[in-house]
Amino acid sequence: MFLESTNHLGRVLAKRKIHLVYGGGSFGLMGGCINSCIIRRQSSFGVVPKALAKRHIIGKTIREELQIFTMSDQLTPMFNHADVFITLPGGLGTLEEIFHISSWAQLNIHHKPIARQTLISAATAEQLIDELQSFIPIVDSSMSRINWSITECRKKLRLDLSLRL
C-alpha cells in the first residue's frame, strides 16, 4: 500500500514537473518515488553521505547527486534546494529531518510548506500537491523578530569578564 502510494506520488511530481530533492539512494519508499520520477524523465537531486554511497546501503542515486561527509551535513543542502517538504514513512533519520524542518518553521527560519499527516494531509497525491502549492504560512509575530541571517549569527559575542568591587 505505501509503495503504491509513493510510486503514485512520484508520477504526480513528474507530471507537474516538480524537481525532487531527497536523501539519495534507490531503495525503500523514496526509491519507489524517485524511480517513478526518473521513468518519466523528471529531474532529481540526491544528497547522500559518502559512507552510505560507497557501501551501497541505500542503493544507487539516480541523476544528480551531492555526496556529503556526515549525516549532519545532509539537511542543509536538501533544505536549500527544496521548495516544500513531504515526509514518507521511514526510520529515525526521517524523524530527525522532519523535526529539524518543523522546528525551523516554528522559529520562523523558513515558510516552506511541510506535508505530513499532522500538518497537510490528503487522500491522493494530486490533492497533496494542490494543498502544498496553495500553502500560506502562519507566522508567529514573536518569532518574526529573530534575525537568523548568517552574518548576524557569526558575529562574535563580547563578554564582559571584568571584576567589579
# chains A, B, ... in the order shown; residues from 1 in each chain; ligands from 1

$ select_by_dssp --residues "segment 2-120 of chain A" --states "helix (DSSP H, G or I)" --output "ChimeraX atom specification"
/A:2-15,28-39,50-55,71-73,75-81,92-106

$ closest_residue --among "A:Val12, A:Leu29, A:Ile109, A:Ile62" --to "Gly91 of chain A" --atoms "only C-alpha atoms"
A:Leu29

$ residues_around --residues "Arg16 of chain A" --least-positions-apart "2" --cutoff "12 Å" --atoms "only C-alpha atoms" --output "VMD selection string"
chain A and resid 9 to 14 18 to 20 37 40 to 43 125 to 126 129 to 130 133

$ closest_residue --among "A:Met30, A:Leu75, A:Leu132, A:Leu107" --to "Gly90 of chain A" --atoms "only C-alpha atoms"
A:Met30
